[in-house]
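Colleague: Sharing upload_14.cif below, mmCIF, C-alpha atoms:
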data_upload
loop_
_atom_site.label_atom_id
_atom_site.label_comp_id
_atom_site.auth_asym_id
_atom_site.auth_seq_id
_atom_site.Cartn_x
_atom_site.Cartn_y
_atom_site.Cartn_z
CA PRO A 1389 -53.94 -78.45 4.83
CA THR A 1390 -51.70 -78.49 7.88
CA MET A 1391 -49.07 -75.76 7.96
CA PRO A 1392 -45.53 -77.20 7.89
CA THR A 1393 -43.68 -76.84 11.18
CA MET A 1394 -40.05 -76.07 11.91
CA SER A 1395 -39.38 -79.81 11.98
CA THR A 1396 -40.01 -79.93 8.22
CA ILE A 1397 -38.86 -76.44 7.16
CA HIS A 1398 -35.13 -75.79 7.34
CA GLY A 1399 -33.45 -72.43 7.51
CA GLN A 1400 -30.71 -71.50 5.11
CA GLU A 1401 -27.64 -69.31 5.31
CA LEU A 1402 -27.04 -67.26 2.17
CA ILE A 1403 -25.18 -64.28 0.79
CA LEU A 1404 -27.26 -61.58 -0.86
CA PRO A 1405 -25.37 -60.15 -3.85
CA ALA A 1406 -24.20 -56.56 -3.77
CA ARG A 1407 -26.34 -53.99 -5.53
CA PRO A 1408 -24.66 -51.14 -7.44
CA GLY A 1409 -22.77 -49.10 -4.87
CA GLY A 1410 -23.63 -51.62 -2.16
CA VAL A 1411 -22.13 -54.62 -0.38
CA GLU A 1412 -22.75 -58.35 -0.14
CA THR A 1413 -24.93 -59.26 2.82
CA PRO A 1414 -25.08 -62.53 4.77
CA ALA A 1415 -28.60 -63.53 5.73
CA PHE A 1416 -30.65 -66.26 7.39
CA ALA A 1417 -33.93 -67.25 5.75
CA ILE A 1418 -36.78 -69.74 5.92
CA VAL A 1419 -39.20 -70.09 3.00
CA PRO A 1420 -42.24 -72.28 3.75
CA PRO A 1421 -43.89 -73.88 0.73
CA GLY A 1422 -46.77 -71.80 -0.59
CA ALA A 1423 -45.99 -68.71 1.48
CA LYS A 1424 -48.59 -65.97 0.87
CA ARG A 1425 -46.65 -63.19 2.63
CA GLY A 1426 -43.03 -62.26 3.11
CA ILE A 1427 -41.12 -60.41 5.81
CA VAL A 1428 -37.66 -58.85 6.08
CA ILE A 1429 -36.41 -58.75 9.69
CA ILE A 1430 -33.88 -56.15 10.85
CA HIS A 1431 -31.87 -57.00 13.96
CA GLU A 1432 -31.24 -55.05 17.13
CA ILE A 1433 -28.13 -53.08 18.07
CA MET A 1434 -26.64 -56.42 19.20
CA GLY A 1435 -26.57 -57.53 15.56
CA ARG A 1436 -27.57 -60.97 14.37
CA GLN A 1437 -28.17 -63.08 17.46
CA PRO A 1438 -29.99 -66.39 18.12
CA GLU A 1439 -33.11 -64.49 19.17
CA ILE A 1440 -33.28 -62.88 15.72
CA ASP A 1441 -33.08 -66.29 14.09
CA ARG A 1442 -35.98 -67.28 16.36
CA VAL A 1443 -37.98 -64.34 14.99
CA VAL A 1444 -37.38 -65.76 11.50
CA GLU A 1445 -38.69 -69.08 12.79
CA ARG A 1446 -41.74 -67.43 14.37
CA PHE A 1447 -42.73 -65.88 11.06
CA ALA A 1448 -42.04 -69.09 9.16
CA ASP A 1449 -44.22 -71.02 11.58
CA ALA A 1450 -47.01 -68.56 10.69
CA GLY A 1451 -46.52 -69.28 6.98
CA TYR A 1452 -44.39 -66.25 6.07
CA ALA A 1453 -41.31 -66.39 3.87
CA ALA A 1454 -38.84 -64.72 6.22
CA ILE A 1455 -35.29 -63.39 5.92
CA ALA A 1456 -32.99 -61.57 8.34
CA PRO A 1457 -30.02 -59.82 6.68
CA ASP A 1458 -26.96 -59.16 8.85
CA LEU A 1459 -26.40 -55.45 8.30
CA PHE A 1460 -23.41 -55.42 10.66
CA ALA A 1461 -21.41 -57.98 8.67
CA ARG A 1462 -19.59 -55.15 6.88
CA GLY A 1463 -18.72 -53.56 10.23
CA ARG A 1464 -20.97 -52.33 13.01
CA MET A 1465 -19.69 -48.76 12.96
CA ALA A 1466 -19.85 -48.44 9.17
CA CYS A 1467 -23.48 -49.55 9.25
CA LEU A 1468 -24.44 -47.29 12.17
CA VAL A 1469 -22.89 -44.25 10.51
CA ASP A 1470 -24.67 -45.08 7.23
CA VAL A 1471 -28.05 -45.55 8.92
CA PHE A 1472 -27.92 -42.53 11.21
CA THR A 1473 -26.39 -40.08 8.72
CA ARG A 1474 -28.23 -41.18 5.56
CA ALA A 1475 -31.19 -43.45 6.24
CA MET A 1476 -32.57 -41.63 9.29
CA LYS A 1477 -32.24 -38.25 7.56
CA ARG A 1478 -33.04 -39.00 3.93
CA GLY A 1479 -34.31 -42.59 3.75
CA GLU A 1480 -31.35 -43.73 1.64
CA GLY A 1481 -27.95 -45.38 1.90
CA ILE A 1482 -26.19 -48.74 1.63
CA ALA A 1483 -28.20 -50.29 4.49
CA VAL A 1484 -31.50 -49.36 2.83
CA GLY A 1485 -30.28 -51.14 -0.30
CA GLN A 1486 -29.43 -54.21 1.78
CA GLY A 1487 -33.05 -54.39 2.90
CA HIS A 1488 -34.21 -54.09 -0.70
CA ALA A 1489 -31.85 -56.91 -1.69
CA ALA A 1490 -33.38 -59.14 0.99
CA ARG A 1491 -36.87 -58.32 -0.28
CA SER A 1492 -35.88 -59.05 -3.88
CA TRP A 1493 -34.50 -62.42 -2.84
CA LEU A 1494 -37.77 -63.32 -1.11
CA MET A 1495 -39.79 -62.26 -4.13
CA ASP A 1496 -37.57 -64.28 -6.46
CA GLN A 1497 -37.95 -67.36 -4.27
CA THR A 1498 -41.70 -67.14 -3.81
CA GLY A 1499 -43.25 -65.11 -6.63
CA LEU A 1500 -44.69 -62.71 -4.07
CA GLU A 1501 -45.50 -59.17 -5.18
CA ILE A 1502 -43.90 -56.17 -3.51
CA GLY A 1503 -47.09 -55.32 -1.61
CA GLN A 1504 -47.03 -58.76 0.01
CA VAL A 1505 -43.67 -58.20 1.71
CA GLY A 1506 -43.38 -56.36 5.01
CA LEU A 1507 -40.48 -54.90 6.99
CA ILE A 1508 -40.00 -55.32 10.75
CA GLY A 1509 -37.22 -54.03 12.96
CA PHE A 1510 -36.27 -54.04 16.63
CA CYS A 1511 -34.30 -51.42 18.58
CA PHE A 1512 -31.74 -50.19 15.99
CA GLY A 1513 -33.85 -52.04 13.42
CA GLY A 1514 -36.99 -50.26 14.59
CA GLY A 1515 -35.58 -46.91 13.53
CA TYR A 1516 -34.27 -48.47 10.33
CA ALA A 1517 -37.73 -49.86 9.49
CA LEU A 1518 -39.22 -46.37 9.56
CA ALA A 1519 -36.36 -44.77 7.63
CA ALA A 1520 -36.27 -47.52 4.99
CA GLY A 1521 -40.01 -48.18 4.90
CA SER A 1522 -40.91 -46.33 1.70
CA GLY A 1523 -42.49 -48.69 -0.80
CA TRP A 1524 -42.97 -51.67 1.54
CA GLY A 1525 -46.32 -53.42 1.92
CA ALA A 1526 -46.38 -52.63 5.65
CA VAL A 1527 -43.89 -51.71 8.38
CA SER A 1528 -43.51 -52.78 12.02
CA THR A 1529 -41.25 -50.57 14.15
CA ASN A 1530 -40.43 -51.64 17.68
CA TYR A 1531 -38.83 -49.42 20.33
CA GLY A 1532 -36.46 -47.70 17.90
CA ASP A 1533 -35.35 -44.15 17.18
CA LEU A 1534 -37.47 -41.88 15.00
CA PRO A 1535 -36.26 -40.64 11.60
CA LYS A 1536 -36.97 -37.22 10.22
CA THR A 1537 -40.39 -36.82 8.62
CA GLU A 1538 -38.93 -36.46 5.13
CA ALA A 1539 -37.08 -39.79 5.44
CA MET A 1540 -40.43 -41.55 5.96
CA ARG A 1541 -42.11 -40.11 2.87
CA GLY A 1542 -43.73 -42.89 0.85
CA ILE A 1543 -44.04 -45.27 3.81
CA GLY A 1544 -46.99 -47.65 3.91
CA PRO A 1545 -49.09 -48.71 6.91
CA VAL A 1546 -47.12 -48.68 10.19
CA ILE A 1547 -47.53 -50.48 13.50
CA ALA A 1548 -45.35 -49.36 16.41
CA CYS A 1549 -44.82 -51.15 19.73
CA TYR A 1550 -43.22 -49.68 22.85
CA GLY A 1551 -42.60 -50.77 26.43
CA LYS A 1552 -43.82 -48.28 29.04
CA ARG A 1553 -40.96 -49.13 31.40
CA ASP A 1554 -38.37 -48.17 28.77
CA ARG A 1555 -37.34 -44.67 29.88
CA ILE A 1556 -35.49 -43.91 26.62
CA PHE A 1557 -37.83 -45.12 23.86
CA GLY A 1558 -41.03 -45.99 25.72
CA GLY A 1559 -42.74 -42.65 25.25
CA LEU A 1560 -42.10 -42.15 21.53
CA GLY A 1561 -45.59 -43.14 20.32
CA PRO A 1562 -47.08 -39.61 20.37
CA LYS A 1563 -43.93 -38.19 18.76
CA LEU A 1564 -44.15 -40.79 15.97
CA ARG A 1565 -47.76 -39.76 15.30
CA GLN A 1566 -46.62 -36.14 15.16
CA ARG A 1567 -43.81 -36.82 12.71
CA MET A 1568 -45.99 -38.94 10.43
CA ALA A 1569 -48.95 -36.53 10.41
CA PRO A 1570 -47.54 -34.35 7.58
CA LEU A 1571 -47.34 -37.51 5.47
CA GLY A 1572 -51.03 -38.20 5.91
CA CYS A 1573 -50.23 -41.39 7.86
CA GLU A 1574 -51.65 -42.49 11.20
CA PRO A 1575 -49.51 -45.24 12.76
CA GLU A 1576 -51.11 -47.98 14.85
CA VAL A 1577 -49.34 -47.46 18.20
CA HIS A 1578 -49.31 -49.98 21.05
CA GLU A 1579 -47.79 -49.58 24.51
CA TYR A 1580 -47.19 -52.48 26.87
CA ASP A 1581 -46.16 -52.94 30.49
CA ALA A 1582 -42.63 -53.94 29.55
CA GLY A 1583 -39.11 -52.66 29.11
CA HIS A 1584 -36.94 -52.35 26.04
CA SER A 1585 -36.41 -55.30 23.69
CA PHE A 1586 -39.42 -57.20 25.06
CA LEU A 1587 -40.41 -58.72 21.70
CA THR A 1588 -37.28 -60.85 21.49
CA ASP A 1589 -36.05 -63.38 24.04
CA GLY A 1590 -32.30 -62.84 24.04
CA HIS A 1591 -30.18 -63.09 27.17
CA HIS A 1592 -27.59 -60.31 27.33
CA PRO A 1593 -26.83 -59.67 31.03
CA ILE A 1594 -24.06 -57.13 30.43
CA ALA A 1595 -26.28 -55.09 28.10
CA GLN A 1596 -29.05 -55.24 30.69
CA ARG A 1597 -26.78 -53.80 33.35
CA LEU A 1598 -25.39 -51.08 31.08
CA ALA A 1599 -28.85 -50.06 29.86
CA PHE A 1600 -30.66 -50.15 33.19
CA PRO A 1601 -32.98 -47.16 32.37
CA MET A 1602 -34.41 -49.27 29.55
CA HIS A 1603 -35.45 -52.08 31.93
CA ILE A 1604 -34.48 -54.87 29.54
CA GLY A 1605 -35.91 -58.15 30.79
CA ASP A 1606 -38.31 -60.99 30.14
CA TYR A 1607 -41.93 -59.89 29.68
CA PRO A 1608 -43.72 -62.92 28.22
CA GLU A 1609 -47.28 -61.59 28.50
CA ALA A 1610 -46.43 -58.30 26.79
CA ARG A 1611 -44.35 -60.15 24.19
CA GLU A 1612 -47.16 -62.46 23.12
CA ALA A 1613 -49.76 -59.68 23.15
CA ALA A 1614 -47.58 -57.53 20.93
CA TRP A 1615 -46.84 -60.39 18.54
CA SER A 1616 -50.57 -61.03 18.21
CA ALA A 1617 -51.10 -57.38 17.26
CA ILE A 1618 -48.22 -57.45 14.77
CA PHE A 1619 -49.42 -60.60 13.03
CA ALA A 1620 -52.99 -59.26 12.85
CA PHE A 1621 -51.61 -56.05 11.31
CA PHE A 1622 -49.54 -57.84 8.68
CA ASP A 1623 -52.36 -60.26 7.92
CA ARG A 1624 -54.57 -57.25 7.09
CA HIS A 1625 -52.08 -55.34 4.99
CA LEU A 1626 -49.84 -57.85 3.19
CA VAL A 1627 -52.37 -59.06 0.66
CA ALA A 1628 -52.22 -59.61 -3.08
#
Could I get this file's structure written as structure tokens?

Modeller:
Amino acid sequence: PTMPTMSTIHGQELILPARPGGVETPAFAIVPPGAKRGIVIIHEIMGRQPEIDRVVERFADAGYAAIAPDLFARGRMACLVDVFTRAMKRGEGIAVGQGHAARSWLMDQTGLEIGQVGLIGFCFGGGYALAAGSGWGAVSTNYGDLPKTEAMRGIGPVIACYGKRDRIFGGLGPKLRQRMAPLGCEPEVHEYDAGHSFLTDGHHPIAQRLAFPMHIGDYPEAREAAWSAIFAFFDRHLVA
């Protein structure tokens, strides 16, 4: 059968209910009929932007049930403090629970099992994906900070993508391997001739000027090559 396209699948805005000790979370989701895999998408440091919604659409076009929670809706600084003082050190915190709430919503909507749902993050979300990745079917981290080894305990298969021109995060592949080694995990690391944030197609000229060592720009060849690797990775690991 022909896979439905975005012309027939409509996204929805929703509010994920608060878990005990947590907060309500706005989210954008697309659930194609008969989805066999699910994905929770964590935004960049810019927060929810149109390019993140387009990532939801990209996954939906590939048949995934996809949801992007807005972790910054409760306040950017509150979320950053929570992630970098709790998630990145211990793999816990309100933001981790927000990701779990998004996964639970997908599972309720689709009947997918927990091993069929993956977690992907970009920039800020790339570090989050590693810190919050325990118990997920598979994890994709993209040019983000690295949590402490203990915070990643229990993480499943990991794919990591970096841009070689990114002078801040581009060289973290070997360090990620080193930090995950005590966990008995070997991440699948890819490096591309690109700068930071190359997997998304947002246009943020002020951010580009302020973050010039990261060489943020448009790298279409690297972007599509990396997406091919990510989809192949999830296709292998997010199975019933």

Colleague: In the coordinate frame of the file, compute which residues have an atom within 12 Å of (-33.6, -46.3, 24.8) when using all atoms listed in the file, and state them as JSON, numbers by chain.

Modeller: {"A": [1432, 1433, 1510, 1511, 1512, 1514, 1515, 1530, 1531, 1532, 1533, 1534, 1550, 1551, 1552, 1553, 1554, 1555, 1556, 1557, 1558, 1559, 1560, 1583, 1584, 1585, 1595, 1596, 1598, 1599, 1600, 1601, 1602, 1603, 1604]}

Colleague: Next, the residues of the selection above should be written as a PDB file, keeping the file's coordinate frame with C-alpha atoms.

Modeller:
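As a result, result31.pdb now contains:
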ATOM      1  CA  GLU A1432     -31.240 -55.050  17.130  1.00  0.00           C
ATOM      2  CA  ILE A1433     -28.130 -53.080  18.070  1.00  0.00           C
ATOM      3  CA  PHE A1510     -36.270 -54.040  16.630  1.00  0.00           C
ATOM      4  CA  CYS A1511     -34.300 -51.420  18.580  1.00  0.00           C
ATOM      5  CA  PHE A1512     -31.740 -50.190  15.990  1.00  0.00           C
ATOM      6  CA  GLY A1514     -36.990 -50.260  14.590  1.00  0.00           C
ATOM      7  CA  GLY A1515     -35.580 -46.910  13.530  1.00  0.00           C
ATOM      8  CA  ASN A1530     -40.430 -51.640  17.680  1.00  0.00           C
ATOM      9  CA  TYR A1531     -38.830 -49.420  20.330  1.00  0.00           C
ATOM     10  CA  GLY A1532     -36.460 -47.700  17.900  1.00  0.00           C
ATOM     11  CA  ASP A1533     -35.350 -44.150  17.180  1.00  0.00           C
ATOM     12  CA  LEU A1534     -37.470 -41.880  15.000  1.00  0.00           C
ATOM     13  CA  TYR A1550     -43.220 -49.680  22.850  1.00  0.00           C
ATOM     14  CA  GLY A1551     -42.600 -50.770  26.430  1.00  0.00           C
ATOM     15  CA  LYS A1552     -43.820 -48.280  29.040  1.00  0.00           C
ATOM     16  CA  ARG A1553     -40.960 -49.130  31.400  1.00  0.00           C
ATOM     17  CA  ASP A1554     -38.370 -48.170  28.770  1.00  0.00           C
ATOM     18  CA  ARG A1555     -37.340 -44.670  29.880  1.00  0.00           C
ATOM     19  CA  ILE A1556     -35.490 -43.910  26.620  1.00  0.00           C
ATOM     20  CA  PHE A1557     -37.830 -45.120  23.860  1.00  0.00           C
ATOM     21  CA  GLY A1558     -41.030 -45.990  25.720  1.00  0.00           C
ATOM     22  CA  GLY A1559     -42.740 -42.650  25.250  1.00  0.00           C
ATOM     23  CA  LEU A1560     -42.100 -42.150  21.530  1.00  0.00           C
ATOM     24  CA  GLY A1583     -39.110 -52.660  29.110  1.00  0.00           C
ATOM     25  CA  HIS A1584     -36.940 -52.350  26.040  1.00  0.00           C
ATOM     26  CA  SER A1585     -36.410 -55.300  23.690  1.00  0.00           C
ATOM     27  CA  ALA A1595     -26.280 -55.090  28.100  1.00  0.00           C
ATOM     28  CA  GLN A1596     -29.050 -55.240  30.690  1.00  0.00           C
ATOM     29  CA  LEU A1598     -25.390 -51.080  31.080  1.00  0.00           C
ATOM     30  CA  ALA A1599     -28.850 -50.060  29.860  1.00  0.00           C
ATOM     31  CA  PHE A1600     -30.660 -50.150  33.190  1.00  0.00           C
ATOM     32  CA  PRO A1601     -32.980 -47.160  32.370  1.00  0.00           C
ATOM     33  CA  MET A1602     -34.410 -49.270  29.550  1.00  0.00           C
ATOM     34  CA  HIS A1603     -35.450 -52.080  31.930  1.00  0.00           C
ATOM     35  CA  ILE A1604     -34.480 -54.870  29.540  1.00  0.00           C
TER      36      ILE A1604
END

Colleague: At most 8 Å is the cut-off: for each residue in range 1485-1602 of chain A with any atom that close to an atom of range 1413-1423 of chain A, write down the nearest atom pair and the distance in Å rounded to one decimal, counting only C-alpha atoms, chain first then increasing number, as CSV.

Modeller:
residue,atom,partner,partner_atom,distance
A:Gln1486,CA,A:Thr1413,CA,6.8
A:Gln1497,CA,A:Val1419,CA,7.9
A:Thr1498,CA,A:Ala1423,CA,7.0

Colleague: Neighbouring residues of Lys1424 in chain A were defined as those with any atom within 10 Å, considering all atoms listed in the file; residues of the same chain fewer than 3 positions away were excluded. Please report them as a PyMOL selection string.

Modeller: chain A and resi 1420-1421+1451-1453+1498-1501+1504-1505+1623+1626-1628

Colleague: Got a sec to check which residues sit within 12 Å of (-25.5, -66.7, -1.3), counting only C-alpha atoms, and write them as number ranges by chain?

Modeller: A: 1400-1406, 1412-1417, 1457, 1489-1490, 1493

Colleague: Would you compute the distance between CA of Leu1564 in chain A and CA of Ala1475 in chain A? Give it in Å to one decimal.

Modeller: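 Going from CA of Leu1564 in chain A over to CA of Ala1475 in chain A, I get 16.4 Å.
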
Colleague: Please measure the separation of CA of Gly1525 in chain A and CA of Gly1481 in chain A, giving the value in Å to one decimal.

Modeller: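 That distance, rounded to one decimal, is 20.1 Å.
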
Colleague: To one decimal place in Å, what is the distance between CA of Glu1579 in chain A and CA of Val1471 in chain A?

Modeller: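 Rounded to one decimal, the two atoms are 25.5 Å apart.
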
Colleague: Take every atom of range 1412-1427 of chain A listed in the file, pad by 5 Å on each side, and give me the axis-aligned box centre and edge lengths in Å, one decimal, as AutoDock Vina command-line options.

Modeller:
--center_x -35.7 --center_y -66.1 --center_z 3.4 --size_x 35.8 --size_y 25.5 --size_z 18.0

Colleague: With distances taken over only C-alpha atoms, which of A:Cys1549, A:Ile1427, A:Ala1614, A:Leu1518 is nearest to Arg1478 in chain A?

Modeller: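 Comparing A:Cys1549, A:Ile1427, A:Ala1614, A:Leu1518 against Arg1478 in chain A, the winner is A:Leu1518.
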
Colleague: Taking the file as shown, what set of residues would the PyMOL selection byres ((chain A and resi 1536) around 9) give back, as a list in words?

Modeller: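 Selected by the PyMOL selection byres ((chain A and resi 1536) around 9) in this file: Met1476, Lys1477, Arg1478, Gly1479, Ala1519, Leu1534, Pro1535, Thr1537, Glu1538, Ala1539, Met1540 and Arg1567 of chain A.
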
Colleague: Please write a file for range 1410-1446 of chain A, taken from the block I just shared, that holds N, CA and C atoms and is laid out as an mmCIF file, in the first residue's frame.

Modeller:
data_model
loop_
_atom_site.group_PDB
_atom_site.id
_atom_site.type_symbol
_atom_site.label_atom_id
_atom_site.label_comp_id
_atom_site.auth_asym_id
_atom_site.auth_seq_id
_atom_site.Cartn_x
_atom_site.Cartn_y
_atom_site.Cartn_z
ATOM 1 N N GLY A 1410 5.813 16.844 37.959
ATOM 2 C CA GLY A 1410 6.190 17.421 36.685
ATOM 3 C C GLY A 1410 5.313 18.587 36.279
ATOM 4 N N VAL A 1411 5.308 18.877 34.971
ATOM 5 C CA VAL A 1411 4.553 20.009 34.436
ATOM 6 C C VAL A 1411 3.828 19.574 33.164
ATOM 7 N N GLU A 1412 2.776 20.301 32.809
ATOM 8 C CA GLU A 1412 2.135 20.083 31.520
ATOM 9 C C GLU A 1412 3.091 20.512 30.408
ATOM 10 N N THR A 1413 2.971 19.856 29.256
ATOM 11 C CA THR A 1413 3.913 20.112 28.176
ATOM 12 C C THR A 1413 3.194 20.234 26.842
ATOM 13 N N PRO A 1414 3.242 21.405 26.199
ATOM 14 C CA PRO A 1414 2.708 21.502 24.838
ATOM 15 C C PRO A 1414 3.552 20.654 23.888
ATOM 16 N N ALA A 1415 2.920 20.146 22.847
ATOM 17 C CA ALA A 1415 3.640 19.311 21.891
ATOM 18 C C ALA A 1415 2.973 19.378 20.530
ATOM 19 N N PHE A 1416 3.743 19.035 19.509
ATOM 20 C CA PHE A 1416 3.247 18.923 18.140
ATOM 21 C C PHE A 1416 3.485 17.489 17.694
ATOM 22 N N ALA A 1417 2.461 16.851 17.126
ATOM 23 C CA ALA A 1417 2.569 15.433 16.787
ATOM 24 C C ALA A 1417 1.877 15.135 15.467
ATOM 25 N N ILE A 1418 2.369 14.091 14.802
ATOM 26 C CA ILE A 1418 1.717 13.517 13.630
ATOM 27 C C ILE A 1418 1.741 12.006 13.799
ATOM 28 N N VAL A 1419 0.587 11.374 13.675
ATOM 29 C CA VAL A 1419 0.483 9.928 13.850
ATOM 30 C C VAL A 1419 -0.090 9.316 12.568
ATOM 31 N N PRO A 1420 0.770 8.795 11.690
ATOM 32 C CA PRO A 1420 0.258 8.151 10.471
ATOM 33 C C PRO A 1420 -0.489 6.871 10.816
ATOM 34 N N PRO A 1421 -1.511 6.533 10.069
ATOM 35 C CA PRO A 1421 -2.211 5.269 10.297
ATOM 36 C C PRO A 1421 -1.269 4.080 10.153
ATOM 37 N N GLY A 1422 -1.352 3.149 11.087
ATOM 38 C CA GLY A 1422 -0.557 1.933 10.997
ATOM 39 C C GLY A 1422 0.922 2.099 11.269
ATOM 40 N N ALA A 1423 1.303 3.157 11.978
ATOM 41 C CA ALA A 1423 2.720 3.382 12.264
ATOM 42 C C ALA A 1423 3.325 2.190 12.990
ATOM 43 N N LYS A 1424 4.495 1.746 12.552
ATOM 44 C CA LYS A 1424 5.190 0.603 13.141
ATOM 45 C C LYS A 1424 6.309 1.024 14.089
ATOM 46 N N ARG A 1425 6.639 2.326 14.079
ATOM 47 C CA ARG A 1425 7.687 2.852 14.946
ATOM 48 C C ARG A 1425 7.259 4.231 15.428
ATOM 49 N N GLY A 1426 7.817 4.636 16.560
ATOM 50 C CA GLY A 1426 7.528 5.958 17.084
ATOM 51 C C GLY A 1426 8.811 6.700 17.401
ATOM 52 N N ILE A 1427 8.725 8.023 17.443
ATOM 53 C CA ILE A 1427 9.909 8.834 17.736
ATOM 54 C C ILE A 1427 9.518 10.071 18.531
ATOM 55 N N VAL A 1428 10.287 10.374 19.567
ATOM 56 C CA VAL A 1428 10.145 11.614 20.326
ATOM 57 C C VAL A 1428 11.311 12.510 19.938
ATOM 58 N N ILE A 1429 11.002 13.742 19.549
ATOM 59 C CA ILE A 1429 11.978 14.675 18.982
ATOM 60 C C ILE A 1429 12.197 15.819 19.962
ATOM 61 N N ILE A 1430 13.460 16.030 20.344
ATOM 62 C CA ILE A 1430 13.801 17.088 21.294
ATOM 63 C C ILE A 1430 14.493 18.231 20.552
ATOM 64 N N HIS A 1431 13.970 19.421 20.738
ATOM 65 C CA HIS A 1431 14.394 20.594 19.974
ATOM 66 C C HIS A 1431 15.787 21.089 20.356
ATOM 67 N N GLU A 1432 16.243 22.052 19.574
ATOM 68 C CA GLU A 1432 17.535 22.696 19.795
ATOM 69 C C GLU A 1432 17.419 23.763 20.882
ATOM 70 N N ILE A 1433 18.532 24.454 21.105
ATOM 71 C CA ILE A 1433 18.572 25.521 22.106
ATOM 72 C C ILE A 1433 17.640 26.674 21.722
ATOM 73 N N MET A 1434 17.246 26.740 20.445
ATOM 74 C CA MET A 1434 16.312 27.775 19.993
ATOM 75 C C MET A 1434 14.882 27.466 20.419
ATOM 76 N N GLY A 1435 14.641 26.267 20.943
ATOM 77 C CA GLY A 1435 13.296 25.876 21.340
ATOM 78 C C GLY A 1435 12.499 25.335 20.167
ATOM 79 N N ARG A 1436 11.185 25.256 20.345
ATOM 80 C CA ARG A 1436 10.355 24.792 19.236
ATOM 81 C C ARG A 1436 10.333 25.856 18.135
ATOM 82 N N GLN A 1437 10.759 25.452 16.961
ATOM 83 C CA GLN A 1437 10.826 26.322 15.801
ATOM 84 C C GLN A 1437 10.220 25.590 14.608
ATOM 85 N N PRO A 1438 9.915 26.291 13.513
ATOM 86 C CA PRO A 1438 9.343 25.614 12.338
ATOM 87 C C PRO A 1438 10.186 24.453 11.833
ATOM 88 N N GLU A 1439 11.504 24.568 11.957
ATOM 89 C CA GLU A 1439 12.347 23.464 11.466
ATOM 90 C C GLU A 1439 12.183 22.200 12.310
ATOM 91 N N ILE A 1440 11.804 22.338 13.566
ATOM 92 C CA ILE A 1440 11.544 21.158 14.388
ATOM 93 C C ILE A 1440 10.228 20.516 13.980
ATOM 94 N N ASP A 1441 9.231 21.346 13.673
ATOM 95 C CA ASP A 1441 7.982 20.793 13.141
ATOM 96 C C ASP A 1441 8.242 20.039 11.837
ATOM 97 N N ARG A 1442 9.188 20.540 11.037
ATOM 98 C CA ARG A 1442 9.512 19.851 9.781
ATOM 99 C C ARG A 1442 10.214 18.519 10.034
ATOM 100 N N VAL A 1443 10.921 18.406 11.151
ATOM 101 C CA VAL A 1443 11.493 17.099 11.516
ATOM 102 C C VAL A 1443 10.374 16.119 11.851
ATOM 103 N N VAL A 1444 9.345 16.592 12.567
ATOM 104 C CA VAL A 1444 8.175 15.753 12.831
ATOM 105 C C VAL A 1444 7.584 15.269 11.510
ATOM 106 N N GLU A 1445 7.456 16.177 10.562
ATOM 107 C CA GLU A 1445 6.897 15.827 9.258
ATOM 108 C C GLU A 1445 7.780 14.825 8.518
ATOM 109 N N ARG A 1446 9.094 14.992 8.616
ATOM 110 C CA ARG A 1446 10.016 14.067 7.955
ATOM 111 C C ARG A 1446 9.818 12.645 8.479
#
